[in-house]
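Shown next: upload-v3.txt, given as compact mmCIF, C-alpha atoms and all ligand atoms.
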# COMPACT_ATOMS: atom_id res chain seq x y z
CA MET A 137 79.82 112.89 138.27
CA LYS A 138 83.61 113.08 138.58
CA SER A 139 85.39 110.21 140.25
CA VAL A 140 88.15 110.23 142.84
CA THR A 141 90.45 107.33 143.74
CA ILE A 142 92.26 107.39 147.07
CA VAL A 143 95.38 105.21 146.96
CA VAL A 144 96.67 103.88 150.28
CA PRO A 145 99.81 101.73 150.57
CA VAL A 146 99.55 99.45 153.56
CA TYR A 147 102.25 97.48 155.37
CA ASN A 148 101.29 95.87 158.69
CA GLU A 149 98.60 98.43 159.48
CA GLY A 150 96.09 95.96 160.96
CA GLU A 151 95.34 98.24 163.89
CA ASN A 152 94.71 101.28 161.69
CA ILE A 153 92.70 100.03 158.70
CA LEU A 154 89.19 100.08 160.17
CA HIS A 155 89.61 103.44 161.88
CA PHE A 156 91.16 104.92 158.72
CA THR A 157 88.41 103.60 156.42
CA THR A 158 85.67 104.98 158.68
CA ALA A 159 87.39 108.36 158.90
CA VAL A 160 87.76 108.61 155.11
CA LYS A 161 84.16 107.52 154.51
CA GLU A 162 82.86 110.15 156.89
CA VAL A 163 84.64 112.90 154.94
CA MET A 164 84.13 111.59 151.39
CA ASP A 165 80.41 110.84 151.71
CA LYS A 166 79.84 114.59 152.08
CA GLN A 167 81.69 115.28 148.80
CA PRO A 168 79.92 115.38 145.42
CA TYR A 169 82.12 112.68 143.87
CA LYS A 170 82.00 108.99 143.11
CA TRP A 171 84.91 107.75 145.18
CA THR A 172 86.97 104.58 145.65
CA LEU A 173 89.43 103.62 148.35
CA LEU A 174 92.17 101.62 146.65
CA PHE A 175 94.39 99.82 149.16
CA VAL A 176 97.69 98.32 148.04
CA ASP A 177 98.84 95.70 150.51
CA ASP A 178 102.63 95.77 150.41
CA GLY A 179 103.21 92.17 151.55
CA SER A 180 101.96 92.70 155.12
CA ARG A 181 102.85 90.02 157.67
CA ASP A 182 100.02 90.82 160.08
CA ASN A 183 96.27 90.49 159.50
CA SER A 184 96.09 93.57 157.21
CA LEU A 185 95.31 91.62 154.04
CA GLU A 186 92.51 89.57 155.61
CA LEU A 187 90.99 92.74 157.04
CA LEU A 188 91.23 94.48 153.67
CA GLU A 189 89.69 91.57 151.77
CA ASP A 190 86.87 91.45 154.26
CA LEU A 191 86.25 95.17 153.72
CA GLN A 192 86.35 94.66 149.96
CA ALA A 193 83.67 91.97 150.21
CA ARG A 194 81.40 94.14 152.37
CA LEU A 195 81.95 97.70 151.15
CA PRO A 196 81.41 98.66 147.51
CA TYR A 197 83.85 101.58 147.68
CA VAL A 198 86.86 99.50 148.84
CA LYS A 199 89.20 97.85 146.33
CA VAL A 200 92.33 95.91 147.26
CA ILE A 201 95.48 95.03 145.34
CA ALA A 202 97.98 92.77 147.06
CA LEU A 203 101.65 92.71 146.15
CA SER A 204 103.46 89.40 146.26
CA ARG A 205 106.00 90.68 148.80
CA ASN A 206 107.11 93.82 150.58
CA CYS A 207 108.36 96.06 147.78
CA GLY A 208 108.48 99.30 149.75
CA HIS A 209 106.21 102.29 150.14
CA GLN A 210 107.18 104.02 146.87
CA ILE A 211 106.61 100.94 144.69
CA ALA A 212 103.30 100.13 146.42
CA LEU A 213 102.22 103.72 145.81
CA THR A 214 103.21 103.42 142.14
CA CYS A 215 101.19 100.21 141.77
CA GLY A 216 98.18 102.04 143.20
CA LEU A 217 98.63 105.00 140.84
CA ASP A 218 98.93 102.61 137.87
CA HIS A 219 95.62 100.95 138.72
CA ALA A 220 93.65 104.01 139.83
CA ARG A 221 90.99 105.10 137.34
CA GLY A 222 89.65 108.25 139.03
CA ASP A 223 89.62 111.70 137.40
CA ALA A 224 91.66 112.71 140.43
CA VAL A 225 93.90 110.36 142.39
CA ILE A 226 94.87 111.10 145.97
CA SER A 227 97.68 109.20 147.66
CA MET A 228 97.83 109.07 151.44
CA ASP A 229 99.21 106.93 154.29
CA GLY A 230 96.91 104.58 156.17
CA ASP A 231 98.11 105.48 159.66
CA MET A 232 96.11 108.74 160.09
CA GLN A 233 99.29 110.85 159.82
CA HIS A 234 97.74 112.27 156.66
CA PRO A 235 94.50 113.69 158.10
CA PRO A 236 91.37 112.76 156.06
CA GLU A 237 89.85 116.12 157.11
CA LEU A 238 92.21 117.68 154.58
CA LEU A 239 90.66 115.82 151.62
CA PRO A 240 87.95 118.45 150.86
CA GLU A 241 90.65 121.14 150.69
CA LEU A 242 92.74 119.10 148.22
CA LEU A 243 89.65 118.53 146.05
CA ALA A 244 88.73 122.22 146.19
CA ARG A 245 92.18 123.19 144.90
CA TRP A 246 91.84 120.61 142.11
CA GLU A 247 88.50 122.18 141.12
CA GLU A 248 90.31 125.54 140.94
CA GLY A 249 92.36 124.05 138.10
CA TYR A 250 95.51 122.79 139.81
CA GLN A 251 96.73 119.49 138.36
CA VAL A 252 98.91 118.67 141.35
CA VAL A 253 97.92 119.51 144.92
CA GLN A 254 100.86 118.87 147.21
CA THR A 255 100.59 118.93 150.99
CA ILE A 256 103.49 120.40 152.92
CA ARG A 257 104.18 119.06 156.39
CA GLN A 258 104.71 122.03 158.71
CA ASP A 259 105.45 119.91 161.73
CA THR A 260 105.13 116.29 162.76
CA GLN A 261 103.90 115.74 166.28
CA GLY A 262 105.77 113.12 168.25
CA VAL A 263 108.86 113.05 166.00
CA SER A 264 112.30 113.52 167.52
CA TRP A 265 114.29 116.72 167.13
CA ALA A 266 117.07 114.72 165.44
CA LYS A 267 114.71 113.32 162.75
CA LYS A 268 113.36 116.82 162.01
CA LYS A 269 116.89 118.26 161.71
CA THR A 270 118.23 115.45 159.49
CA SER A 271 115.16 115.81 157.26
CA ALA A 272 115.71 119.59 156.89
CA LEU A 273 119.42 119.04 156.18
CA TYR A 274 118.59 116.36 153.62
CA TYR A 275 116.28 118.67 151.65
CA ARG A 276 118.96 121.39 151.67
CA LEU A 277 121.49 118.87 150.30
CA ILE A 278 119.24 117.44 147.57
CA ASN A 279 118.27 120.91 146.37
CA ARG A 280 121.95 121.98 146.22
CA LEU A 281 123.08 118.86 144.36
CA SER A 282 120.31 118.38 141.83
CA ASN A 283 118.34 120.49 139.41
CA VAL A 284 114.96 119.68 140.88
CA ASN A 285 113.60 121.83 143.66
CA ILE A 286 111.91 119.70 146.29
CA ARG A 287 110.07 121.59 149.01
CA PRO A 288 111.18 120.67 152.54
CA GLY A 289 108.28 118.89 154.25
CA GLY A 290 106.83 117.67 150.95
CA SER A 291 105.03 114.43 151.75
CA ASP A 292 103.45 111.65 149.72
CA PHE A 293 100.01 113.02 150.61
CA ARG A 294 98.96 114.62 147.35
CA LEU A 295 96.33 114.86 144.67
CA LEU A 296 97.14 114.30 141.02
CA ASP A 297 94.67 114.87 138.22
CA ARG A 298 94.27 112.25 135.47
CA GLN A 299 96.78 113.94 133.16
CA ALA A 300 99.44 114.10 135.89
CA VAL A 301 98.84 110.44 136.84
CA GLU A 302 99.28 109.35 133.21
CA ALA A 303 102.43 111.47 132.93
CA LEU A 304 103.90 110.07 136.13
CA GLY A 305 103.08 106.58 134.85
CA LYS A 306 105.63 107.08 132.08
CA TYR A 307 108.47 107.30 134.60
CA ARG A 308 109.36 103.66 135.03
CA GLU A 309 112.65 103.85 136.93
CA HIS A 310 113.14 101.26 139.62
CA ASP A 311 114.68 103.38 142.35
CA ARG A 312 111.86 105.79 142.89
CA PHE A 313 111.53 109.03 144.81
CA LEU A 314 108.01 110.14 143.89
CA ARG A 315 108.33 113.55 145.54
CA GLY A 316 111.11 114.44 143.12
CA MET A 317 109.37 112.86 140.13
CA VAL A 318 106.19 114.89 140.68
CA THR A 319 108.32 118.06 140.76
CA LEU A 320 109.83 117.07 137.39
CA LEU A 321 106.40 116.86 135.71
CA GLY A 322 106.15 120.63 135.64
CA TYR A 323 102.37 120.82 136.04
CA LYS A 324 100.57 123.53 137.97
CA VAL A 325 101.08 122.83 141.68
CA ALA A 326 99.02 124.09 144.63
CA GLU A 327 100.40 123.67 148.14
CA VAL A 328 98.39 122.87 151.22
CA PRO A 329 100.19 123.08 154.60
CA PHE A 330 99.31 120.67 157.39
CA VAL A 331 100.53 119.44 160.74
CA ALA A 332 101.00 115.66 160.82
CA PRO A 333 99.56 114.13 163.99
CA PRO A 334 101.23 111.08 165.58
CA ARG A 335 100.29 107.63 164.20
CA PHE A 336 96.90 106.32 165.29
CA ALA A 337 98.46 102.96 166.25
CA GLY A 338 101.59 100.92 165.63
CA GLN A 339 105.14 101.92 164.80
CA SER A 340 106.65 103.67 161.79
CA LYS A 341 107.24 101.10 159.02
CA TYR A 342 110.15 103.10 157.66
CA SER A 343 113.17 101.41 159.16
CA LEU A 344 116.48 103.29 159.20
CA SER A 345 117.73 101.28 156.20
CA LYS A 346 114.55 102.03 154.18
CA MET A 347 114.96 105.71 155.03
CA VAL A 348 118.63 105.71 153.96
CA LYS A 349 117.70 103.97 150.68
CA LEU A 350 114.98 106.53 149.96
CA GLY A 351 117.46 109.31 150.75
CA VAL A 352 120.14 107.92 148.43
CA ASP A 353 117.56 107.34 145.65
CA GLY A 354 116.51 110.95 146.01
CA ILE A 355 120.04 112.27 145.53
CA VAL A 356 121.52 109.79 143.06
CA GLY A 357 118.32 109.75 140.99
CA TYR A 358 118.47 113.48 140.34
CA SER A 359 122.15 114.33 140.26
CA VAL A 360 125.46 113.13 138.86
CA VAL A 361 127.36 115.49 141.17
CA PRO A 362 128.64 112.63 143.37
CA LEU A 363 130.31 111.10 140.31
CA ARG A 364 131.85 114.43 139.47
CA VAL A 365 133.31 114.57 142.97
CA ALA A 366 135.35 111.45 142.06
CA PHE A 367 136.67 113.21 138.96
CA VAL A 368 137.66 116.37 140.85
CA GLY A 369 139.18 114.20 143.60
CA GLY A 370 141.22 112.42 140.90
CA ILE A 371 142.62 115.71 139.59
CA ILE A 372 143.55 116.89 143.09
CA PHE A 373 145.36 113.63 143.83
CA ALA A 374 147.12 113.74 140.44
CA LEU A 375 148.38 117.27 141.19
CA PHE A 376 149.53 116.15 144.61
CA SER A 377 151.34 113.17 143.10
CA PHE A 378 153.05 115.49 140.60
CA LEU A 379 154.41 117.56 143.51
CA LEU A 380 155.54 114.33 145.16
CA LEU A 381 157.28 113.41 141.93
CA LEU A 382 159.17 116.73 141.88
CA HIS A 383 160.18 116.16 145.50
CA ALA A 384 161.39 112.63 144.70
CA LEU A 385 163.49 113.94 141.82
CA TYR A 386 164.91 116.69 144.06
CA VAL A 387 165.89 114.14 146.71
CA TYR A 388 167.44 111.95 143.99
CA ILE A 389 169.58 114.78 142.59
CA CYS A 390 170.55 116.68 145.75
CA ASP A 391 170.36 114.16 148.52
CA GLU A 392 171.41 110.66 149.27
CA ALA A 393 168.23 108.72 148.43
CA VAL A 394 167.93 105.04 149.28
CA SER A 395 168.48 103.08 146.06
CA GLY A 396 165.16 102.35 144.30
CA TRP A 397 163.11 104.75 146.47
CA THR A 398 162.77 107.36 143.72
CA THR A 399 161.55 104.84 141.13
CA ILE A 400 158.93 103.43 143.48
CA MET A 401 157.69 106.88 144.52
CA VAL A 402 157.49 108.12 140.92
CA CYS A 403 155.68 105.00 139.67
CA MET A 404 153.26 104.93 142.58
CA SER A 405 152.24 108.56 142.38
CA LEU A 406 152.01 108.63 138.58
CA PHE A 407 149.94 105.46 138.29
CA GLY A 408 147.80 106.26 141.33
CA GLY A 409 146.99 109.72 140.02
CA THR A 410 146.21 108.64 136.47
CA GLN A 411 144.07 105.73 137.70
CA LEU A 412 141.95 108.08 139.77
CA ILE A 413 141.52 110.44 136.82
CA MET A 414 140.46 107.52 134.64
CA LEU A 415 138.00 106.34 137.27
CA GLY A 416 136.56 109.84 137.39
CA ILE A 417 136.16 109.98 133.62
CA MET A 418 134.53 106.57 133.59
CA GLY A 419 132.23 107.85 136.32
CA GLU A 420 131.16 110.68 134.04
CA TYR A 421 130.25 108.18 131.31
CA LEU A 422 128.59 105.87 133.78
CA GLY A 423 126.48 108.80 134.97
CA ARG A 424 125.30 109.47 131.43
CA ILE A 425 124.55 105.81 130.75
CA TYR A 426 122.62 105.73 134.01
CA THR A 427 120.53 108.72 133.01
CA GLU A 428 119.80 107.15 129.60
CA VAL A 429 119.01 103.69 130.87
CA LYS A 430 116.25 105.17 133.01
CA ASN A 431 114.55 106.01 129.70
CA ARG A 432 112.50 108.85 131.09
CA PRO A 433 110.18 110.55 128.61
CA LEU A 434 111.88 113.47 126.90
CA TYR A 435 108.94 115.83 127.33
CA LEU A 436 105.30 115.77 128.31
CA VAL A 437 102.50 117.41 126.37
CA LYS A 438 100.46 119.82 128.47
CA HIS A 439 97.68 120.54 126.00
CA ASN A 440 96.90 118.74 122.80
CA GLY A 441 95.14 120.88 120.20
CA GLY A 442 94.43 118.11 117.66
CA GLU A 443 91.28 116.38 118.82
CA ASN A 444 91.95 112.89 117.60
CA GLU A 445 95.65 112.90 118.03
CA THR A 446 97.23 110.81 120.67
CA THR A 447 98.87 112.49 123.64
CA ASP A 448 101.44 109.72 123.71
CA CYS A 449 104.75 111.52 123.49
CA GLN A 450 107.18 108.67 124.02
CA CYS A 451 109.50 109.80 121.29
CA ARG A 452 112.27 107.26 121.48
N1 LIG B 501 104.38 101.37 153.90
C1 LIG B 501 104.37 100.43 152.85
N2 LIG B 501 105.48 99.67 152.65
C2 LIG B 501 106.61 99.78 153.43
C3 LIG B 501 106.62 100.75 154.46
C4 LIG B 501 105.49 101.53 154.67
O1 LIG B 501 103.38 100.32 152.13
O2 LIG B 501 107.57 99.04 153.19
C5 LIG B 501 103.17 102.21 154.13
C6 LIG B 501 102.68 102.23 155.56
O3 LIG B 501 101.77 101.19 155.81
C7 LIG B 501 102.01 103.62 155.64
C8 LIG B 501 102.83 104.45 154.68
O4 LIG B 501 103.50 103.54 153.81
O5 LIG B 501 100.66 103.58 155.19
C9 LIG B 501 103.86 105.33 155.39
O6 LIG B 501 104.68 104.55 156.24
P1 LIG B 501 105.04 105.00 157.73
O7 LIG B 501 103.85 105.61 158.39
O8 LIG B 501 105.68 103.85 158.40
O9 LIG B 501 106.14 106.12 157.44
P2 LIG B 501 106.42 107.45 158.31
O10 LIG B 501 105.10 108.15 158.42
O11 LIG B 501 106.94 106.98 159.61
O12 LIG B 501 107.42 108.21 157.50
MG MG B 502 103.33 107.39 159.07

Let me see whether you can do it: turn the structure in this file into structure tokens.
Ligand code: UDP
Ligand code: MG
Amino acid sequence: MKSVTIVVPVYNEGENILHFTTAVKEVMDKQPYKWTLLFVDDGSRDNSLELLEDLQARLPYVKVIALSRNCGHQIALTCGLDHARGDAVISMDGDMQHPPELLPELLARWEEGYQVVQTIRQDTQGVSWAKKKTSALYYRLINRLSNVNIRPGGSDFRLLDRQAVEALGKYREHDRFLRGMVTLLGYKVAEVPFVAPPRFAGQSKYSLSKMVKLGVDGIVGYSVVPLRVAFVGGIIFALFSFLLLLHALYVYICDEAVSGWTTIMVCMSLFGGTQLIMLGIMGEYLGRIYTEVKNRPLYLVKHNGGENETTDCQCR
């Protein structure tokens, strides 16, 4: 029998855990799989961890990993993926915004041969107009700036087969944006649309600063365009300072310039302009070092013909 692990990052979800576990059990018991609910407690400050440990002691299908402190949703999710042993691994939120009723559909698409089944949020009930608009704008921006194509509405509710989980496990960068990383894998993706209901209980655990960090990680992690902007800005300023220099010389020759004014203007614009160009060039190098330091795998093997050969393709 194939096995399925459901990974759930949890941060202060005390009011949701029991309801969520029951809802998942109801759906998964009807499925022909051996299944495990793997909770990752992300340093909760409420009673979440006690509740989870109690469930673990009573229910054979519940496993719990506790992080030492709050490391953030994406890291907690990664920890869960690293420890999941199922043939398929599903990640979902523990607040009922990722409806458990959708699980059979994800599993059906996996059985059809898709290695990644990604849910696409069509609409989120109870979310402000402003949040929806900024989210849409953000996806437009990230897709313009970087070479990955991230679907608007892509959520962290997805199924990965064993091969995709192992592949994703090779991406060890610290600032993570899993939605983008899954796109980079290049495996066969099926999409399942859904409407996210409001939370069952409690408030969103994504504070504005966490959201901004995730947004910046998404853009800076996939693009060096912002660095290039500094370089182009440097050139524009250098050109401008050259014009200023010509003007200063003109004033010096034709007009009565205050003594010393020309020298100061020329020095300032020349040095300012060249400094900005240099900063831009350094930015270009910094961008490359940054990409290298992340040490992402160069390629991933999709099929391996040789039976006994290892699929490990870490080639540096
Ligand atoms: N979460 C987490 N660590 C955090 C923030 C959130 O593990 O630092 C969990 C949270 O418990 C939930 C999921 O990540 O299961 C999604 O968080 P939330 O529902 O607050 O995000 P939203 O749906 O508002 O985007
Ligand atoms: Mg939520």

| request: Measuring atom to atom with all atoms listed in the file, identify which of A:Leu281, A:Val144, A:Met232, A:Met164 is nearest to A:Gly338. | output: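 Of the candidates, the smallest distance to A:Gly338 is held by A:Met232.
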
| field | Residue neighbourhood stretch 379-389 of chain A, 12 Å, only C-alpha atoms, exclusion window fewer than 3 positions, as an MDAnalysis selection string | value | chainID A and resid 372:376 392:409

| request: Would you mind listing what lies within 10 Å of A:Asp231 as a list of chain:residue names, with all atoms listed in the file counted and same-chain residues fewer than 4 positions away left out? | output: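 Final neighbour list, sorted by chain and number: A:Val144, A:Pro145, A:Val146, A:Tyr147, A:Glu149, A:Gly150, A:Glu151, A:Asn152, A:Ile153, A:His155, A:Phe156, A:Pro235, A:Pro333, A:Pro334, A:Arg335, A:Phe336, A:Ala337, A:Gly338, A:Gln339, A:Ser340.
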
Please tabulate, as a tab-separated table, the residues of stretch 263-377 of chain A that come within 12 Å of stretch 237-252 of chain A, each with its closest pair of atoms and the distance in Å to one decimal, counting all atoms listed in the file and ordering rows by chain, then residue number upward.
residue	atom	partner	partner_atom	distance
A:Asp292	CA	A:Val252	CA	11.8
A:Phe293	CA	A:Leu242	CA	9.8
A:Arg294	CA	A:Val252	CA	7.2
A:Leu295	CA	A:Val252	CA	5.7
A:Leu296	CA	A:Val252	CA	4.7
A:Asp297	CA	A:Gln251	CA	5.1
A:Arg298	CA	A:Gln251	CA	8.2
A:Gln299	CA	A:Gln251	CA	7.6
A:Ala300	CA	A:Gln251	CA	6.5
A:Val301	CA	A:Val252	CA	9.4
A:Glu302	CA	A:Gln251	CA	11.7
A:Ala303	CA	A:Gln251	CA	11.2
A:Leu304	CA	A:Val252	CA	11.2
A:Arg315	CA	A:Val252	CA	11.5
A:Val318	CA	A:Val252	CA	8.2
A:Thr319	CA	A:Val252	CA	9.4
A:Leu320	CA	A:Val252	CA	11.7
A:Leu321	CA	A:Val252	CA	9.5
A:Gly322	CA	A:Val252	CA	9.4
A:Tyr323	CA	A:Gln251	CA	6.2
A:Lys324	CA	A:Tyr250	CA	5.4
A:Val325	CA	A:Val252	CA	4.7
A:Ala326	CA	A:Tyr250	CA	6.1
A:Glu327	CA	A:Val252	CA	8.6
A:Val328	CA	A:Leu242	CA	7.4
A:Pro329	CA	A:Leu238	CA	9.6
A:Phe330	CA	A:Leu238	CA	8.2
A:Val331	CA	A:Leu238	CA	10.5
A:Ala332	CA	A:Leu238	CA	11.0

| said: Calculated over all atoms listed in the file, which of the candidates A:Tyr342, A:Tyr426, A:Phe175, A:Tyr421 has the smallest distance to A:Ala212? | reply: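 Between A:Tyr342, A:Tyr426, A:Phe175, A:Tyr421, the residue approaching A:Ala212 most closely is A:Phe175.
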
As JSON, please: the centre and edge lengths in Å, to one decimal, of an axis-aligned box enclosing every listed atom of stretch 363-372 of chain A with 5 Å added on each side.
{"center_x": 136.9, "center_y": 114.0, "center_z": 141.3, "size_x": 23.2, "size_y": 15.8, "size_z": 14.6}

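The point (137.6, 107.8, 132.9) has these residues within 12 Å of it, counting all atoms listed in the file: Leu363, Arg364, Ala366, Phe367, Val368, Gly370, Ile371, Gly409, Thr410, Gln411, Leu412, Ile413, Met414, Leu415, Gly416, Ile417, Met418, Gly419, Glu420, Tyr421, Leu422 and Gly423 of chain A.
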
| said: Quick one: residues within 7 Å of stretch 182-193 of chain A, all atoms listed in the file, excluding same-chain residues fewer than 3 positions away - as an MDAnalysis selection string? | reply: chainID A and resid 148:150 177 196 198:200

| message | Taking only C-alpha atoms into account, name the residue in A:Asn285, A:Gln233, A:Asn431, A:Ser139 that is nearest to A:Thr260. | response |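 Checking each of A:Asn285, A:Gln233, A:Asn431, A:Ser139 against A:Thr260, counting only C-alpha atoms, the winner is A:Gln233.
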